[in-house]
file input_11.cif (mmCIF, C-alpha atoms; chains and numbers go by the auth columns)
data_start
#
loop_
_atom_site.group_PDB
_atom_site.id
_atom_site.type_symbol
_atom_site.label_atom_id
_atom_site.label_comp_id
_atom_site.label_asym_id
_atom_site.label_seq_id
_atom_site.Cartn_x
_atom_site.Cartn_y
_atom_site.Cartn_z
_atom_site.B_iso_or_equiv
_atom_site.auth_seq_id
_atom_site.auth_asym_id
ATOM 1 C CA MET A 1 17.330 17.270 -5.132 0.00 14 P
ATOM 2 C CA ALA A 2 14.575 19.798 -4.450 0.00 15 P
ATOM 3 C CA GLU A 3 15.241 21.472 -7.804 0.00 16 P
ATOM 4 C CA ILE A 4 15.029 18.111 -9.584 0.00 17 P
ATOM 5 C CA HIS A 5 11.821 17.081 -7.786 0.00 18 P
ATOM 6 C CA LEU A 6 10.156 20.421 -8.545 0.00 19 P
ATOM 7 C CA ARG A 7 10.702 19.745 -12.249 0.00 20 P
ATOM 8 C CA THR A 8 9.600 16.108 -12.237 0.00 21 P
ATOM 9 C CA GLN A 9 7.342 15.420 -9.220 0.00 22 P
ATOM 10 C CA ARG A 10 4.225 16.784 -7.554 0.00 23 P
ATOM 11 C CA GLN A 11 4.828 19.048 -4.566 0.00 24 P
ATOM 12 C CA LEU A 12 2.931 17.214 -1.827 0.00 25 P
ATOM 13 C CA VAL A 13 2.090 18.652 1.574 0.00 26 P
ATOM 14 C CA THR A 14 3.800 16.547 4.258 0.00 27 P
ATOM 15 C CA PHE A 15 4.240 16.363 8.051 0.00 28 P
ATOM 16 C CA ALA A 16 7.492 17.691 9.498 0.00 29 P
ATOM 17 C CA PHE A 17 9.782 15.083 11.106 0.00 30 P
ATOM 18 C CA ASP A 18 7.638 12.193 9.808 0.00 31 P
ATOM 19 C CA ASP A 19 9.353 9.110 8.356 0.00 32 P
ATOM 20 C CA VAL A 20 7.294 8.829 5.158 0.00 33 P
ATOM 21 C CA SER A 21 7.467 12.592 4.646 0.00 34 P
ATOM 22 C CA GLN A 22 11.263 12.528 4.861 0.00 35 P
ATOM 23 C CA GLN A 23 11.329 9.802 2.192 0.00 36 P
ATOM 24 C CA ILE A 24 9.087 11.915 -0.049 0.00 37 P
ATOM 25 C CA ASN A 25 11.338 14.940 0.436 0.00 38 P
ATOM 26 C CA ALA A 26 14.417 12.862 -0.446 0.00 39 P
ATOM 27 C CA HIS A 27 13.043 10.794 -3.330 0.00 40 P
ATOM 28 C CA GLY A 28 9.948 12.619 -4.576 0.00 41 P
ATOM 29 C CA VAL A 29 7.674 9.595 -4.012 0.00 42 P
ATOM 30 C CA TYR A 30 7.681 7.143 -1.108 0.00 43 P
ATOM 31 C CA GLU A 31 8.373 3.565 -2.346 0.00 44 P
ATOM 32 C CA ARG A 32 8.771 4.933 -5.851 0.00 45 P
ATOM 33 C CA GLN A 33 10.983 2.074 -7.087 0.00 46 P
ATOM 34 C CA GLU A 34 8.606 -0.574 -5.760 0.00 47 P
ATOM 35 C CA LEU A 35 5.587 1.117 -7.320 0.00 48 P
ATOM 36 C CA GLU A 36 7.297 1.563 -10.683 0.00 49 P
ATOM 37 C CA THR A 37 8.396 -2.084 -10.637 0.00 50 P
ATOM 38 C CA PHE A 38 4.867 -3.266 -9.834 0.00 51 P
ATOM 39 C CA PHE A 39 3.216 -1.234 -12.608 0.00 52 P
ATOM 40 C CA ALA A 40 5.839 -2.253 -15.166 0.00 53 P
ATOM 41 C CA TRP A 41 5.237 -5.916 -14.231 0.00 54 P
ATOM 42 C CA VAL A 42 1.459 -5.611 -14.633 0.00 55 P
ATOM 43 C CA GLU A 43 1.828 -3.753 -17.937 0.00 56 P
ATOM 44 C CA SER A 44 4.150 -6.481 -19.266 0.00 57 P
ATOM 45 C CA ILE A 45 1.475 -9.126 -18.592 0.00 58 P
ATOM 46 C CA LYS A 46 -1.799 -7.274 -19.200 0.00 59 P
ATOM 47 C CA PRO A 47 -1.157 -4.073 -21.200 0.00 60 P
ATOM 48 C CA GLY A 48 -3.738 -1.393 -20.498 0.00 61 P
ATOM 49 C CA LEU A 49 -5.385 -3.342 -17.643 0.00 62 P
ATOM 50 C CA PHE A 50 -5.682 -0.296 -15.376 0.00 63 P
ATOM 51 C CA ARG A 51 -6.281 2.448 -17.938 0.00 64 P
ATOM 52 C CA ASP A 52 -10.082 2.644 -17.653 0.00 65 P
ATOM 53 C CA ALA A 53 -10.364 1.068 -14.194 0.00 66 P
ATOM 54 C CA ALA A 54 -10.601 2.164 -10.557 0.00 67 P
ATOM 55 C CA ALA A 55 -8.149 1.706 -7.685 0.00 68 P
ATOM 56 C CA LEU A 56 -9.006 1.733 -3.978 0.00 69 P
ATOM 57 C CA ASP A 57 -6.392 2.962 -1.478 0.00 70 P
ATOM 58 C CA LEU A 58 -7.225 1.695 2.021 0.00 71 P
ATOM 59 C CA GLY A 59 -5.076 3.547 4.527 0.00 72 P
ATOM 60 C CA ALA A 60 -4.158 6.374 2.180 0.00 73 P
ATOM 61 C CA ASN A 61 -2.254 8.475 4.744 0.00 74 P
ATOM 62 C CA ILE A 62 -1.313 11.778 3.033 0.00 75 P
ATOM 63 C CA GLY A 63 -1.926 10.439 -0.481 0.00 76 P
ATOM 64 C CA ASN A 64 1.496 9.310 -1.715 0.00 77 P
ATOM 65 C CA HIS A 65 0.184 6.086 -3.258 0.00 78 P
ATOM 66 C CA SER A 66 -3.174 7.556 -4.284 0.00 79 P
ATOM 67 C CA LEU A 67 -1.526 10.252 -6.399 0.00 80 P
ATOM 68 C CA PHE A 68 0.871 7.737 -7.940 0.00 81 P
ATOM 69 C CA PHE A 69 -2.123 5.528 -8.784 0.00 82 P
ATOM 70 C CA SER A 70 -3.889 8.516 -10.357 0.00 83 P
ATOM 71 C CA ASP A 71 -1.431 8.417 -13.263 0.00 84 P
ATOM 72 C CA HIS A 72 -2.391 4.831 -14.087 0.00 85 P
ATOM 73 C CA PHE A 73 -6.134 4.631 -13.328 0.00 86 P
ATOM 74 C CA LYS A 74 -9.239 6.408 -14.516 0.00 87 P
ATOM 75 C CA HIS A 75 -10.276 7.003 -10.892 0.00 88 P
ATOM 76 C CA VAL A 76 -8.855 6.450 -7.395 0.00 89 P
ATOM 77 C CA HIS A 77 -10.783 6.273 -4.116 0.00 90 P
ATOM 78 C CA ALA A 78 -8.645 7.063 -1.054 0.00 91 P
ATOM 79 C CA PHE A 79 -9.729 6.118 2.481 0.00 92 P
ATOM 80 C CA GLU A 80 -8.183 7.674 5.599 0.00 93 P
ATOM 81 C CA PRO A 81 -9.877 7.741 9.044 0.00 94 P
ATOM 82 C CA ASN A 82 -7.661 10.188 10.963 0.00 95 P
ATOM 83 C CA GLU A 83 -9.137 13.703 10.736 0.00 96 P
ATOM 84 C CA ARG A 84 -5.843 15.642 10.654 0.00 97 P
ATOM 85 C CA THR A 85 -4.204 13.296 8.161 0.00 98 P
ATOM 86 C CA PHE A 86 -7.352 13.313 6.029 0.00 99 P
ATOM 87 C CA LYS A 87 -7.138 17.100 5.675 0.00 100 P
ATOM 88 C CA VAL A 88 -3.616 16.755 4.262 0.00 101 P
ATOM 89 C CA LEU A 89 -4.771 13.927 1.971 0.00 102 P
ATOM 90 C CA ALA A 90 -7.631 16.061 0.654 0.00 103 P
ATOM 91 C CA LEU A 91 -5.255 18.987 0.061 0.00 104 P
ATOM 92 C CA ASN A 92 -2.833 16.778 -1.873 0.00 105 P
ATOM 93 C CA ALA A 93 -5.689 15.284 -3.902 0.00 106 P
ATOM 94 C CA GLN A 94 -6.315 18.773 -5.302 0.00 107 P
ATOM 95 C CA LEU A 95 -3.140 18.282 -7.379 0.00 108 P
ATOM 96 C CA VAL A 96 -5.013 15.822 -9.612 0.00 109 P
ATOM 97 C CA GLY A 97 -8.568 15.543 -10.833 0.00 110 P
ATOM 98 C CA ASN A 98 -9.322 11.860 -10.359 0.00 111 P
ATOM 99 C CA VAL A 99 -8.859 11.105 -6.636 0.00 112 P
ATOM 100 C CA THR A 100 -11.915 11.023 -4.351 0.00 113 P
ATOM 101 C CA CYS A 101 -11.163 11.113 -0.610 0.00 114 P
ATOM 102 C CA HIS A 102 -13.238 9.397 2.097 0.00 115 P
ATOM 103 C CA GLN A 103 -12.733 10.175 5.802 0.00 116 P
ATOM 104 C CA VAL A 104 -13.444 6.705 7.132 0.00 117 P
ATOM 105 C CA GLY A 105 -11.578 3.563 8.127 0.00 118 P
ATOM 106 C CA LEU A 106 -12.355 0.161 6.621 0.00 119 P
ATOM 107 C CA SER A 107 -13.147 -2.818 8.840 0.00 120 P
ATOM 108 C CA ASP A 108 -15.429 -5.851 9.114 0.00 121 P
ATOM 109 C CA LYS A 109 -18.370 -3.813 10.413 0.00 122 P
ATOM 110 C CA ALA A 110 -19.568 -0.242 10.763 0.00 123 P
ATOM 111 C CA GLY A 111 -19.001 1.647 14.003 0.00 124 P
ATOM 112 C CA THR A 112 -16.304 3.651 15.776 0.00 125 P
ATOM 113 C CA ALA A 113 -12.851 2.763 17.058 0.00 126 P
ATOM 114 C CA HIS A 114 -9.970 4.207 19.046 0.00 127 P
ATOM 115 C CA PHE A 115 -7.110 5.416 16.876 0.00 128 P
ATOM 116 C CA GLN A 116 -3.511 5.861 18.046 0.00 129 P
ATOM 117 C CA VAL A 117 -1.344 8.325 16.116 0.00 130 P
ATOM 118 C CA ASN A 118 2.415 7.832 15.903 0.00 131 P
ATOM 119 C CA PRO A 119 3.806 11.371 15.383 0.00 132 P
ATOM 120 C CA GLY A 120 7.181 10.097 14.129 0.00 133 P
ATOM 121 C CA ASN A 121 5.584 7.848 11.520 0.00 134 P
ATOM 122 C CA ILE A 122 2.038 8.974 10.773 0.00 135 P
ATOM 123 C CA GLY A 123 1.622 6.055 8.374 0.00 136 P
ATOM 124 C CA SER A 124 2.039 3.553 11.217 0.00 137 P
ATOM 125 C CA SER A 125 -0.892 5.016 13.195 0.00 138 P
ATOM 126 C CA ARG A 126 -3.461 2.337 13.934 0.00 139 P
ATOM 127 C CA VAL A 127 -6.735 1.184 15.431 0.00 140 P
ATOM 128 C CA VAL A 128 -6.232 0.154 19.091 0.00 141 P
ATOM 129 C CA ALA A 129 -8.384 -1.698 21.598 0.00 142 P
ATOM 130 C CA SER A 130 -8.863 1.097 24.151 0.00 143 P
ATOM 131 C CA ALA A 131 -8.549 4.859 24.603 0.00 144 P
ATOM 132 C CA GLY A 132 -5.321 6.324 25.945 0.00 145 P
ATOM 133 C CA PRO A 133 -2.966 9.292 25.624 0.00 146 P
ATOM 134 C CA GLY A 134 -2.882 10.506 22.034 0.00 147 P
ATOM 135 C CA THR A 135 -5.874 8.457 20.863 0.00 148 P
ATOM 136 C CA SER A 136 -8.932 9.775 19.073 0.00 149 P
ATOM 137 C CA GLU A 137 -12.177 8.270 17.879 0.00 150 P
ATOM 138 C CA VAL A 138 -12.578 7.424 14.185 0.00 151 P
ATOM 139 C CA ARG A 139 -15.469 6.179 12.090 0.00 152 P
ATOM 140 C CA LEU A 140 -15.370 2.716 10.516 0.00 153 P
ATOM 141 C CA THR A 141 -17.393 1.063 7.796 0.00 154 P
ATOM 142 C CA THR A 142 -17.012 -1.844 5.391 0.00 155 P
ATOM 143 C CA LEU A 143 -15.632 -1.603 1.891 0.00 156 P
ATOM 144 C CA ASP A 144 -18.648 -3.549 0.646 0.00 157 P
ATOM 145 C CA ALA A 145 -20.882 -0.733 1.937 0.00 158 P
ATOM 146 C CA VAL A 146 -18.964 2.124 0.290 0.00 159 P
ATOM 147 C CA ALA A 147 -17.958 0.353 -2.937 0.00 160 P
ATOM 148 C CA ARG A 148 -21.509 -0.345 -4.116 0.00 161 P
ATOM 149 C CA GLY A 149 -21.951 1.330 -7.466 0.00 162 P
ATOM 150 C CA LEU A 150 -18.234 1.465 -8.257 0.00 163 P
ATOM 151 C CA THR A 151 -17.301 -0.259 -11.491 0.00 164 P
ATOM 152 C CA ASP A 152 -14.233 -2.046 -12.806 0.00 165 P
ATOM 153 C CA ILE A 153 -12.156 -2.117 -9.610 0.00 166 P
ATOM 154 C CA LYS A 154 -8.791 -3.579 -10.663 0.00 167 P
ATOM 155 C CA LEU A 155 -6.599 -2.782 -7.640 0.00 168 P
ATOM 156 C CA ILE A 156 -7.055 -2.628 -3.882 0.00 169 P
ATOM 157 C CA LYS A 157 -4.103 -1.461 -1.783 0.00 170 P
ATOM 158 C CA VAL A 158 -4.368 -2.170 1.954 0.00 171 P
ATOM 159 C CA ASP A 159 -1.977 -0.554 4.451 0.00 172 P
ATOM 160 C CA VAL A 160 -3.878 -0.350 7.713 0.00 173 P
ATOM 161 C CA GLU A 161 -1.227 -1.428 10.219 0.00 174 P
ATOM 162 C CA GLY A 162 -2.462 -4.813 11.373 0.00 175 P
ATOM 163 C CA HIS A 163 -6.149 -4.188 10.642 0.00 176 P
ATOM 164 C CA ASP A 164 -5.939 -5.665 7.146 0.00 177 P
ATOM 165 C CA TYR A 165 -7.692 -8.934 8.051 0.00 178 P
ATOM 166 C CA ALA A 166 -10.767 -7.091 9.323 0.00 179 P
ATOM 167 C CA ALA A 167 -10.701 -4.710 6.351 0.00 180 P
ATOM 168 C CA LEU A 168 -10.627 -7.631 3.901 0.00 181 P
ATOM 169 C CA ILE A 169 -13.439 -9.437 5.749 0.00 182 P
ATOM 170 C CA GLY A 170 -15.539 -6.335 5.100 0.00 183 P
ATOM 171 C CA ALA A 171 -14.501 -6.347 1.439 0.00 184 P
ATOM 172 C CA LYS A 172 -15.582 -9.910 0.657 0.00 185 P
ATOM 173 C CA GLU A 173 -18.309 -9.140 -1.866 0.00 186 P
ATOM 174 C CA THR A 174 -16.324 -6.380 -3.557 0.00 187 P
ATOM 175 C CA ILE A 175 -13.341 -8.688 -4.008 0.00 188 P
ATOM 176 C CA ARG A 176 -15.422 -11.585 -5.285 0.00 189 P
ATOM 177 C CA SER A 177 -17.273 -9.335 -7.734 0.00 190 P
ATOM 178 C CA HIS A 178 -14.283 -7.494 -9.204 0.00 191 P
ATOM 179 C CA ARG A 179 -11.340 -9.912 -8.719 0.00 192 P
ATOM 180 C CA PRO A 180 -8.775 -7.083 -8.289 0.00 193 P
ATOM 181 C CA ILE A 181 -5.074 -7.401 -7.661 0.00 194 P
ATOM 182 C CA ILE A 182 -4.565 -6.757 -3.937 0.00 195 P
ATOM 183 C CA LEU A 183 -1.475 -5.089 -2.462 0.00 196 P
ATOM 184 C CA PHE A 184 -0.953 -5.326 1.279 0.00 197 P
ATOM 185 C CA GLU A 185 1.737 -4.960 3.905 0.00 198 P
ATOM 186 C CA GLN A 186 2.662 -8.086 5.880 0.00 199 P
ATOM 187 C CA LEU A 187 4.073 -7.435 9.342 0.00 200 P
ATOM 188 C CA ALA A 188 6.660 -9.879 10.686 0.00 201 P
ATOM 189 C CA GLU A 189 4.497 -10.803 13.651 0.00 202 P
ATOM 190 C CA ASP A 190 1.572 -11.683 11.375 0.00 203 P
ATOM 191 C CA ALA A 191 3.326 -14.462 9.489 0.00 204 P
ATOM 192 C CA GLY A 192 6.536 -15.643 11.112 0.00 205 P
ATOM 193 C CA GLU A 193 7.441 -18.874 9.375 0.00 206 P
ATOM 194 C CA GLY A 194 3.866 -19.884 8.603 0.00 207 P
ATOM 195 C CA GLU A 195 0.832 -18.582 6.784 0.00 208 P
ATOM 196 C CA SER A 196 -0.792 -15.386 8.004 0.00 209 P
ATOM 197 C CA ALA A 197 -4.516 -15.107 8.648 0.00 210 P
ATOM 198 C CA THR A 198 -4.712 -12.564 5.806 0.00 211 P
ATOM 199 C CA ILE A 199 -3.124 -14.996 3.333 0.00 212 P
ATOM 200 C CA ALA A 200 -5.510 -17.737 4.424 0.00 213 P
ATOM 201 C CA LEU A 201 -8.469 -15.387 3.988 0.00 214 P
ATOM 202 C CA LEU A 202 -7.398 -14.356 0.496 0.00 215 P
ATOM 203 C CA LYS A 203 -6.960 -18.014 -0.453 0.00 216 P
ATOM 204 C CA SER A 204 -10.558 -18.590 0.611 0.00 217 P
ATOM 205 C CA TYR A 205 -11.522 -15.749 -1.760 0.00 218 P
ATOM 206 C CA GLY A 206 -9.835 -17.584 -4.641 0.00 219 P
ATOM 207 C CA TYR A 207 -6.354 -16.051 -4.634 0.00 220 P
ATOM 208 C CA GLY A 208 -3.923 -18.892 -5.186 0.00 221 P
ATOM 209 C CA ALA A 209 -0.697 -17.036 -6.013 0.00 222 P
ATOM 210 C CA PHE A 210 1.288 -14.394 -4.161 0.00 223 P
ATOM 211 C CA ALA A 211 4.308 -12.321 -5.124 0.00 224 P
ATOM 212 C CA VAL A 212 6.739 -9.931 -3.463 0.00 225 P
ATOM 213 C CA ILE A 213 9.145 -7.309 -4.773 0.00 226 P
ATOM 214 C CA ARG A 214 12.827 -8.184 -4.328 0.00 227 P
ATOM 215 C CA ARG A 215 15.910 -5.995 -4.518 0.00 228 P
ATOM 216 C CA HIS A 216 19.065 -7.498 -5.984 0.00 229 P
ATOM 217 C CA PRO A 217 21.752 -8.239 -5.043 0.00 230 P
ATOM 218 C CA ARG A 218 20.580 -9.661 -1.713 0.00 231 P
ATOM 219 C CA ALA A 219 22.602 -11.022 1.181 0.00 232 P
ATOM 220 C CA PRO A 220 22.600 -14.783 1.824 0.00 233 P
ATOM 221 C CA ALA A 221 19.963 -15.975 4.291 0.00 234 P
ATOM 222 C CA GLY A 222 21.179 -16.700 7.797 0.00 235 P
ATOM 223 C CA LEU A 223 23.528 -13.750 8.221 0.00 236 P
ATOM 224 C CA PRO A 224 22.927 -11.380 11.162 0.00 237 P
ATOM 225 C CA THR A 225 20.890 -8.311 10.221 0.00 238 P
ATOM 226 C CA ILE A 226 23.813 -5.878 10.324 0.00 239 P
ATOM 227 C CA LEU A 227 25.939 -8.134 8.097 0.00 240 P
ATOM 228 C CA ARG A 228 23.057 -8.652 5.662 0.00 241 P
ATOM 229 C CA ALA A 229 22.656 -4.883 5.324 0.00 242 P
ATOM 230 C CA ALA A 230 26.403 -4.360 4.794 0.00 243 P
ATOM 231 C CA PHE A 231 26.619 -7.221 2.264 0.00 244 P
ATOM 232 C CA ALA A 232 23.644 -5.928 0.286 0.00 245 P
ATOM 233 C CA LEU A 233 24.942 -2.341 0.287 0.00 246 P
ATOM 234 C CA LEU A 234 28.407 -3.380 -0.889 0.00 247 P
ATOM 235 C CA GLY A 235 26.928 -5.553 -3.647 0.00 248 P
ATOM 236 C CA ARG A 236 24.743 -2.711 -4.888 0.00 249 P
ATOM 237 C CA LEU A 237 27.646 -0.263 -4.906 0.00 250 P
ATOM 238 C CA ILE A 238 29.744 -2.675 -6.979 0.00 251 P
ATOM 239 C CA CYS A 239 27.126 -4.257 -9.246 0.00 252 P
ATOM 240 C CA GLY A 240 24.284 -1.769 -9.212 0.00 253 P
ATOM 241 C CA GLU A 241 20.742 -2.509 -8.060 0.00 254 P
ATOM 242 C CA THR A 242 17.793 -4.146 -9.747 0.00 255 P
ATOM 243 C CA MET A 243 14.275 -4.805 -8.535 0.00 256 P
ATOM 244 C CA GLU A 244 11.821 -7.453 -9.692 0.00 257 P
ATOM 245 C CA VAL A 245 8.491 -9.052 -8.877 0.00 258 P
ATOM 246 C CA GLU A 246 8.988 -12.616 -7.668 0.00 259 P
ATOM 247 C CA VAL A 247 6.001 -14.974 -7.713 0.00 260 P
ATOM 248 C CA LEU A 248 6.353 -17.301 -4.723 0.00 261 P
ATOM 249 C CA ASP A 249 5.931 -21.062 -4.455 0.00 262 P
ATOM 250 C CA GLY A 250 4.329 -20.692 -1.018 0.00 263 P
ATOM 251 C CA PRO A 251 3.088 -18.001 1.383 0.00 264 P
ATOM 252 C CA PRO A 252 5.428 -15.044 1.984 0.00 265 P
ATOM 253 C CA LYS A 253 7.407 -15.249 5.218 0.00 266 P
ATOM 254 C CA GLY A 254 8.360 -12.407 7.524 0.00 267 P
ATOM 255 C CA TYR A 255 7.945 -8.715 6.813 0.00 268 P
ATOM 256 C CA HIS A 256 7.098 -7.421 3.350 0.00 269 P
ATOM 257 C CA ALA A 257 6.126 -3.828 2.588 0.00 270 P
ATOM 258 C CA MET A 258 4.243 -4.959 -0.502 0.00 271 P
ATOM 259 C CA VAL A 259 2.728 -8.424 -0.968 0.00 272 P
ATOM 260 C CA ILE A 260 0.856 -8.900 -4.246 0.00 273 P
ATOM 261 C CA ALA A 261 -2.200 -11.179 -4.153 0.00 274 P
ATOM 262 C CA ILE A 262 -2.774 -12.353 -7.719 0.00 275 P
ATOM 263 C CA PRO A 263 -6.312 -13.239 -8.834 0.00 276 P
ATOM 264 C CA ASP A 264 -6.850 -16.458 -10.727 0.00 277 P
ATOM 265 C CA GLY A 265 -6.618 -15.928 -14.477 0.00 278 P
ATOM 266 C CA PHE A 266 -4.191 -13.012 -14.310 0.00 279 P
#
call {"tool": "encode", "arguments": {"input": "input_11.cif", "output": "structure tokens"}}
result
Amino acid sequence: MAEIHLRTQRQLVTFAFDDVSQQINAHGVYERQELETFFAWVESIKPGLFRDAAALDLGANIGNHSLFFSDHFKHVHAFEPNERTFKVLALNAQLVGNVTCHQVGLSDKAGTAHFQVNPGNIGSSRVVASAGPGTSEVRLTTLDAVARGLTDIKLIKVDVEGHDYAALIGAKETIRSHRPIILFEQLAEDAGEGESATIALLKSYGYGAFAVIRRHPRAPAGLPTILRAAFALLGRLICGETMEVEVLDGPPKGYHAMVIAIPDGF
């Protein structure tokens, strides 16, 4: 696999023993299938939408998504508050010429915050309420403050481990001015069976439709987790696997690695 990736993928710097890094080593790009499915879906609806536009990557980690975006956008702005992770992000950004890195976290106001690093999954590191073992202090600002002067923003990706509501509060004017597609992670505890605060906020910004990326075949709802996994695996071995963007009738429920908030008129 290494020989194949060296011929077809960028050789990113990663953290040893880290979950996302292991996925990159195995597959070349973390969430590659989901990203390819998303871009193919957008291109089928609005050809060339991203070609001369900008993308903003909030919670860029080591740059996996930022570098993938760089192939589709004129320019990418990547935001990462953790100093050590930022250094890896900046090193990876040297592989392309159109990613600008910002060592800052995005929130609803400027200031500082305590940041807890998860060494086994650097991407799940997060802002926490108080200092403790393994925490550091990071700088925060609002997207509205740093996005002034940027033009033609067509995509905002938000993966800030539960801080997405605050980050989107601080992005209100940017979102209303540019009407980008917004990608964000929805944690199970944020939504449950109802509507998350983030979904409600985006609705107030004028986003009336949401989509998720589904793998097929899928196990029937109601089965225990272990049986659902076995059913899905067996189905994929027999029938093969497909992936598609599914526009939902209502708010997404439970965990989703990638929820797509669709601006009106798309």
call {"tool": "resolve_selection", "arguments": {"input": "input_11.cif", "expression": "the PyMOL selection byres ((chain P and resi 21-32) around 8)", "output": "list of chain:residue names"}}
result
P:Ile17, P:His18, P:Leu19, P:Arg20, P:Val33, P:Ser34, P:Gln35, P:Gln36, P:Gly41, P:Val42, P:Ile75, P:Val101, P:Leu104, P:Asn105, P:Leu108, P:Pro132, P:Gly133, P:Asn134, P:Ile135
call {"tool": "write_last_selection", "arguments": {"input": "input_11.cif", "atoms": "C-alpha atoms", "output": "mmCIF file, keeping the file's coordinate frame"}}
result
data_model
loop_
_atom_site.group_PDB
_atom_site.id
_atom_site.type_symbol
_atom_site.label_atom_id
_atom_site.label_comp_id
_atom_site.auth_asym_id
_atom_site.auth_seq_id
_atom_site.Cartn_x
_atom_site.Cartn_y
_atom_site.Cartn_z
ATOM 1 C CA ILE P 17 15.029 18.111 -9.584
ATOM 2 C CA HIS P 18 11.821 17.081 -7.786
ATOM 3 C CA LEU P 19 10.156 20.421 -8.545
ATOM 4 C CA ARG P 20 10.702 19.745 -12.249
ATOM 5 C CA VAL P 33 7.294 8.829 5.158
ATOM 6 C CA SER P 34 7.467 12.592 4.646
ATOM 7 C CA GLN P 35 11.263 12.528 4.861
ATOM 8 C CA GLN P 36 11.329 9.802 2.192
ATOM 9 C CA GLY P 41 9.948 12.619 -4.576
ATOM 10 C CA VAL P 42 7.674 9.595 -4.012
ATOM 11 C CA ILE P 75 -1.313 11.778 3.033
ATOM 12 C CA VAL P 101 -3.616 16.755 4.262
ATOM 13 C CA LEU P 104 -5.255 18.987 0.061
ATOM 14 C CA ASN P 105 -2.833 16.778 -1.873
ATOM 15 C CA LEU P 108 -3.140 18.282 -7.379
ATOM 16 C CA PRO P 132 3.806 11.371 15.383
ATOM 17 C CA GLY P 133 7.181 10.097 14.129
ATOM 18 C CA ASN P 134 5.584 7.848 11.520
ATOM 19 C CA ILE P 135 2.038 8.974 10.773
#
call {"tool": "closest_residue", "arguments": {"input": "input_11.cif", "among": "P:Gln199, P:Thr50, P:Thr255, P:Ser209", "to": "P:Val272", "atoms": "all atoms listed in the file"}}
result
P:Gln199
call {"tool": "residues_around", "arguments": {"input": "input_11.cif", "residues": "P:Gly267", "least_positions_apart": "4", "cutoff": "10 Å", "atoms": "only C-alpha atoms", "output": "MDAnalysis selection string"}}
result
chainID P and resid 199:209
call {"tool": "closest_residue", "arguments": {"input": "input_11.cif", "among": "P:Pro265, P:Trp54, P:Val258, P:Glu186", "to": "P:Ile226", "atoms": "all atoms listed in the file"}}
result
P:Val258
call {"tool": "resolve_selection", "arguments": {"input": "input_11.cif", "expression": "the PyMOL selection byres ((chain P and resi 156) around 8)", "output": "mmCIF file with C-alpha atoms, keeping the file's coordinate frame"}}
result
data_model
loop_
_atom_site.group_PDB
_atom_site.id
_atom_site.type_symbol
_atom_site.label_atom_id
_atom_site.label_comp_id
_atom_site.auth_asym_id
_atom_site.auth_seq_id
_atom_site.Cartn_x
_atom_site.Cartn_y
_atom_site.Cartn_z
ATOM 1 C CA LEU P 119 -12.355 0.161 6.621
ATOM 2 C CA SER P 120 -13.147 -2.818 8.840
ATOM 3 C CA THR P 154 -17.393 1.063 7.796
ATOM 4 C CA THR P 155 -17.012 -1.844 5.391
ATOM 5 C CA ASP P 157 -18.648 -3.549 0.646
ATOM 6 C CA ALA P 158 -20.882 -0.733 1.937
ATOM 7 C CA VAL P 159 -18.964 2.124 0.290
ATOM 8 C CA ALA P 160 -17.958 0.353 -2.937
ATOM 9 C CA ALA P 180 -10.701 -4.710 6.351
ATOM 10 C CA GLY P 183 -15.539 -6.335 5.100
ATOM 11 C CA ALA P 184 -14.501 -6.347 1.439
ATOM 12 C CA THR P 187 -16.324 -6.380 -3.557
#
call {"tool": "closest_residue", "arguments": {"input": "input_11.cif", "among": "P:Lys100, P:Lys167, P:Arg192, P:His40", "to": "P:Leu69", "atoms": "all atoms listed in the file"}}
result
P:Lys167
call {"tool": "resolve_selection", "arguments": {"input": "input_11.cif", "expression": "the PyMOL selection byres ((chain P and resi 146) around 12)", "output": "number ranges by chain"}}
result
P: 127-131, 141, 143-145, 147-149
call {"tool": "residues_around", "arguments": {"input": "input_11.cif", "residues": "P:Thr211", "least_positions_apart": "2", "cutoff": "8 Å", "atoms": "all atoms listed in the file", "output": "list in words"}}
result
Asp177, Tyr178, Leu181, Ser209, Ala213, Leu214 and Leu215 of chain P
call {"tool": "atom_distance", "arguments": {"input": "input_11.cif", "atom1": "atom CA of P:Glu257", "atom2": "atom CA of P:Ile275"}}
result
15.5 Å
call {"tool": "closest_residue", "arguments": {"input": "input_11.cif", "among": "P:Val151, P:Val109, P:Ala67, P:Leu196", "to": "P:Pro94", "atoms": "only C-alpha atoms"}}
result
P:Val151
call {"tool": "build_atoms", "arguments": {"input": "input_11.cif", "residues": "stretch 54-58 of chain P", "atoms": "N, CA, C and O atoms", "output": "PDB file, in the coordinates of the input"}}
result
ATOM      1  N   TRP P  54       5.523  -4.463 -14.215  1.00  0.00           N
ATOM      2  CA  TRP P  54       5.237  -5.916 -14.231  1.00  0.00           C
ATOM      3  C   TRP P  54       3.814  -6.169 -14.734  1.00  0.00           C
ATOM      4  O   TRP P  54       3.594  -7.018 -15.607  1.00  0.00           O
ATOM      5  N   VAL P  55       2.846  -5.432 -14.204  1.00  0.00           N
ATOM      6  CA  VAL P  55       1.459  -5.611 -14.633  1.00  0.00           C
ATOM      7  C   VAL P  55       1.323  -5.278 -16.116  1.00  0.00           C
ATOM      8  O   VAL P  55       0.687  -6.011 -16.882  1.00  0.00           O
ATOM      9  N   GLU P  56       1.930  -4.183 -16.546  1.00  0.00           N
ATOM     10  CA  GLU P  56       1.828  -3.753 -17.937  1.00  0.00           C
ATOM     11  C   GLU P  56       2.450  -4.781 -18.881  1.00  0.00           C
ATOM     12  O   GLU P  56       1.975  -4.967 -20.009  1.00  0.00           O
ATOM     13  N   SER P  57       3.508  -5.475 -18.414  1.00  0.00           N
ATOM     14  CA  SER P  57       4.150  -6.481 -19.266  1.00  0.00           C
ATOM     15  C   SER P  57       3.274  -7.716 -19.457  1.00  0.00           C
ATOM     16  O   SER P  57       3.430  -8.452 -20.428  1.00  0.00           O
ATOM     17  N   ILE P  58       2.346  -7.943 -18.528  1.00  0.00           N
ATOM     18  CA  ILE P  58       1.475  -9.126 -18.592  1.00  0.00           C
ATOM     19  C   ILE P  58       0.116  -8.790 -19.202  1.00  0.00           C
ATOM     20  O   ILE P  58      -0.392  -9.506 -20.069  1.00  0.00           O
TER      21      ILE P  58
END
